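Working notes, structure below.
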Amino acid sequence: MDRVKDLPAKVSIRWRLTLTYGALVFAAAAVLLFSVYAIVGNAINQAWPRIETNFPPAYDAQFQEIMGTFQKAAVQDARDALLTSSLMALVGVGILSLIIGYFVADRALKPVAQMTVTARKLSESTLAHQRIALEGPNDELKELADTFDAMLTRLNVAFDTQRRFVANASHELRTPLTINRTVLEIALSDPQASEDLKALGRTLLEVNARNEKLIEGLLLLARSERELAVRKPVDVMEVAQTAVEQVTPFADEHGVTVSTELVSAPTIGDPVLLERSVSNLLENAVKYNIPENGKVWIRTGMADGGLVVQVANTGQHVPAYEVNSLFEPFRRLHADRVESAKGSGLGLSIVRAVVQAHGGNVTAVPRDGGGLVVTIQLPRR
């Protein structure tokens with residue numbers, strides 16, 4: 001019974017409509033055939049002629065009794081033949097009703113299929129001109145298509161607004177911070193500046209650098225969550241090599257050893273974003289490591305028909321229930337959202353946004369002995 005109850009969820013809407021139409025036609029045909037069977041049977045029985053004889057009454061009664069027996073047998077034989085023919089015709093009507101039901105369902109779902117094709121073609125770059133534009137009578141499907149088109153128009157406006165905001169924010173936020181940094185550097189270079197002023201200047205420079213990094217991360221996160229503007233062949237092994245070269249001085253400064261196991265893994269995507277995501281993983285692996293003799297491992301290669309980038313590190317124990325929350329913006333392990341000693345809290349959020357923009361996924365699991373193992377999976381070229 002449980003399997004029977006689960007059948008409607010496993011049968012497509014096309015076949016459900018086909019079976020519904022077929023069942024209705026079959027039921028109507030069955031009612032019609034059995035009605036004809038009953039009507040014809042009664043008509044034959046009532047229309048049977050009575051034969052008049054000149055026999056004496058005793059012989060005439062015996063003759064009529066024999067003819068009545070023949071009448072019943074003939075009517076029953078006619079009904080049996082009619083029933084057999086009706087059942088055979090009903091089987092043919094059932095098959096024909098399924099065929100008709102399938103074509104009716106196909107015609108009814110054709111506008112829905114058109115909407116599906118249009119929805120699959122949609123992306124941020126095609127929202128401006130791609131619409132369903134369904135033609136036909138003003139029925140429920142036409143109303144649904146028009147509603148979907150109106151929603152696409154609103155989405156296009158929202159994406160345009162977002163693009164303008166990111167461009168304006170990039171200019172409006174970076175420029176004041178650049179000016180502040182320049183002024184502070186000039187003030188610190190003044191030989192007549194007091195030590196207190198220099199200490200204050202260095203503190204302000206650190207705060208300014210953190211704000212610049214935070215703004216850069218926010219803008220990169222906004223860019224990563226949009227449609228990819230650049231798609232070209234790229235080998236993730238080369239991306240990982242570049243990221244390792246950039247992070248190595250930072251790792252040496254913290255006494256962390258970076259071990260690599262890089263194998264060619266070609267894909268299609270934005271090399272800059274992919275490089276930034278791998279760099280973020282390595283930087284996080286270095287920042288959140290043990291104080292002495294820390295280790296970071298990175299490897300690339302192909303697995304299960306796709307490419308894999310995996311970064312693991314030594315570090316403090318990470319509870320499994322807190323792993324997924326680390327990919328949220330401004331989230332840190334055992335820290336609130338305002339603590340910023342080690343970074344802005346956007347590193348893993350940017351990684352997830354970049355990977356999802358490339359059609360992949362990123363997962364993290366606690367490493368035995370402490371630390372994390374973060375795995376990026378991307379489709380192959």
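Residues in the structure tokens are numbered from 1 in each chain, the chains being A, B, ... in the order shown, and ligands are numbered from 1 in the order shown.
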**OP:** Write out as a VMD selection string the residues lying within 10 Å of Phe34 (chain A), counting only C-alpha atoms and excluding same-chain residues fewer than 6 positions away.
**Re:** chain A and resid 40 82 to 83 86 to 87 90
Now that the selection is made, can you save its residues with all heavy atoms as a PDB file, in the first residue's frame?
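Below you can see selection19.pdb, which holds the result:
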ATOM      1  N   VAL A  40     -30.011  -3.424 -26.868  1.00  0.00           N
ATOM      2  CA  VAL A  40     -30.179  -4.365 -27.996  1.00  0.00           C
ATOM      3  C   VAL A  40     -30.735  -5.691 -27.497  1.00  0.00           C
ATOM      4  O   VAL A  40     -31.602  -6.316 -28.147  1.00  0.00           O
ATOM      5  CB  VAL A  40     -28.830  -4.549 -28.724  1.00  0.00           C
ATOM      6  CG1 VAL A  40     -28.920  -5.677 -29.746  1.00  0.00           C
ATOM      7  CG2 VAL A  40     -28.421  -3.255 -29.401  1.00  0.00           C
ATOM      8  N   LEU A  82     -22.819 -10.304 -28.764  1.00  0.00           N
ATOM      9  CA  LEU A  82     -22.711  -8.849 -28.642  1.00  0.00           C
ATOM     10  C   LEU A  82     -21.742  -8.459 -27.511  1.00  0.00           C
ATOM     11  O   LEU A  82     -20.960  -7.523 -27.654  1.00  0.00           O
ATOM     12  CB  LEU A  82     -24.095  -8.253 -28.386  1.00  0.00           C
ATOM     13  CG  LEU A  82     -24.164  -6.721 -28.259  1.00  0.00           C
ATOM     14  CD1 LEU A  82     -23.670  -6.058 -29.539  1.00  0.00           C
ATOM     15  CD2 LEU A  82     -25.593  -6.290 -27.945  1.00  0.00           C
ATOM     16  N   LEU A  83     -21.786  -9.211 -26.388  1.00  0.00           N
ATOM     17  CA  LEU A  83     -20.888  -8.921 -25.261  1.00  0.00           C
ATOM     18  C   LEU A  83     -19.435  -9.158 -25.654  1.00  0.00           C
ATOM     19  O   LEU A  83     -18.553  -8.351 -25.332  1.00  0.00           O
ATOM     20  CB  LEU A  83     -21.276  -9.784 -24.061  1.00  0.00           C
ATOM     21  CG  LEU A  83     -20.420  -9.597 -22.809  1.00  0.00           C
ATOM     22  CD1 LEU A  83     -20.524  -8.172 -22.296  1.00  0.00           C
ATOM     23  CD2 LEU A  83     -20.836 -10.591 -21.716  1.00  0.00           C
ATOM     24  N   SER A  86     -18.397  -6.427 -27.877  1.00  0.00           N
ATOM     25  CA  SER A  86     -18.277  -5.181 -27.123  1.00  0.00           C
ATOM     26  C   SER A  86     -16.982  -5.143 -26.323  1.00  0.00           C
ATOM     27  O   SER A  86     -16.303  -4.109 -26.254  1.00  0.00           O
ATOM     28  CB  SER A  86     -19.473  -5.016 -26.180  1.00  0.00           C
ATOM     29  OG  SER A  86     -20.677  -4.957 -26.917  1.00  0.00           O
ATOM     30  N   LEU A  87     -16.625  -6.270 -25.692  1.00  0.00           N
ATOM     31  CA  LEU A  87     -15.384  -6.323 -24.922  1.00  0.00           C
ATOM     32  C   LEU A  87     -14.165  -6.126 -25.818  1.00  0.00           C
ATOM     33  O   LEU A  87     -13.217  -5.413 -25.454  1.00  0.00           O
ATOM     34  CB  LEU A  87     -15.285  -7.651 -24.157  1.00  0.00           C
ATOM     35  CG  LEU A  87     -16.300  -7.832 -23.011  1.00  0.00           C
ATOM     36  CD1 LEU A  87     -16.151  -9.219 -22.388  1.00  0.00           C
ATOM     37  CD2 LEU A  87     -16.111  -6.754 -21.950  1.00  0.00           C
ATOM     38  N   LEU A  90     -14.064  -2.647 -26.677  1.00  0.00           N
ATOM     39  CA  LEU A  90     -13.664  -1.849 -25.523  1.00  0.00           C
ATOM     40  C   LEU A  90     -12.144  -1.859 -25.334  1.00  0.00           C
ATOM     41  O   LEU A  90     -11.546  -0.850 -24.967  1.00  0.00           O
ATOM     42  CB  LEU A  90     -14.365  -2.378 -24.274  1.00  0.00           C
ATOM     43  CG  LEU A  90     -14.278  -1.510 -23.017  1.00  0.00           C
ATOM     44  CD1 LEU A  90     -14.898  -0.145 -23.278  1.00  0.00           C
ATOM     45  CD2 LEU A  90     -14.982  -2.203 -21.845  1.00  0.00           C
TER      46      LEU A  90
END
Original post:
How would you write, as number ranges by chain, the set of residues in region 103-194 of chain A that DSSP gives as alpha helix (DSSP H)?
Top reply: A: 103-121, 140-188
**OP:** Would you mind listing what lies within 6 Å of region 372-376 of chain A as a list in words, with only C-alpha atoms counted and same-chain residues fewer than 6 positions away left out?
**Re:**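 Neighbouring residues, sequence-local ones excluded: Val308, Val309, Gln310, Val311, Ala312, Asn313, Val362, Thr363, Ala364, Val365 and Pro366 of chain A.
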Subject >> Polymer residues at most 8 Å from Val236 (chain A), only C-alpha atoms, same-chain spacing of 2 or more positions, as a PyMOL selection string >> reply: chain A and resi 234+238-240+264-267+274+300+309
Subject >> Exercise: region 241-253 of chain A partners within 8 Å, only C-alpha atoms, chain neighbours under 6 positions left out, as a list in words >> reply: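 With the cut-off at 8 Å, the set is Leu262, Glu275, Arg276, Val278, Ser279, Leu282, Glu283 and Val286 of chain A.
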**OP:** Compare A:Glu212, A:Asp368, A:Glu143, A:Asp149 by their minimum atom-to-atom distance to Ala119 (chain A), counting only C-alpha atoms, and give me the closest one.
**Re:**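 Checking each of A:Glu212, A:Asp368, A:Glu143, A:Asp149 against Ala119 (chain A), counting only C-alpha atoms, the winner is A:Asp149.
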**OP:** Measuring atom to atom with only C-alpha atoms, identify which of A:Val36, A:Val93, A:Ile215, A:Leu184 is nearest to Leu200 (chain A).
**Re:**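 Result for the nearest residue to Leu200 (chain A): A:Leu184.
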Subject >> Atom pair CA of Ile13 (chain A) / CA of Lys110 (chain A): separation (Å) >> reply: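 CA of Lys110 (chain A) lies at a distance of 12.4 Å from CA of Ile13 (chain A).
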**OP:** Apply DSSP to the structure's backbone, then extract all residues of region 150-247 of chain A labelled strand (DSSP E or B) and return them as a PyMOL selection string.
**Re:** chain A and resi 232-235
Subject >> Atomic distance CA of Ala105 (chain A) - CA of Ser12 (chain A), expressed in Å with one decimal >> reply: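 We find that CA of Ala105 (chain A) and CA of Ser12 (chain A) lie 11.3 Å from each other.
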Original post:
If we count only C-alpha atoms, what is near Gln130 (chain A) at a cut-off of 10 Å, once residues fewer than 6 positions away on the same chain are taken out, given as a VMD selection string?
Top reply: chain A and resid 118 to 119 121 to 123 149 152 to 153
Original post:
What is the CA of Ile179 (chain A) to CA of Arg164 (chain A) distance in Å?
Top reply: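 Those two atoms sit 23.0 Å apart.
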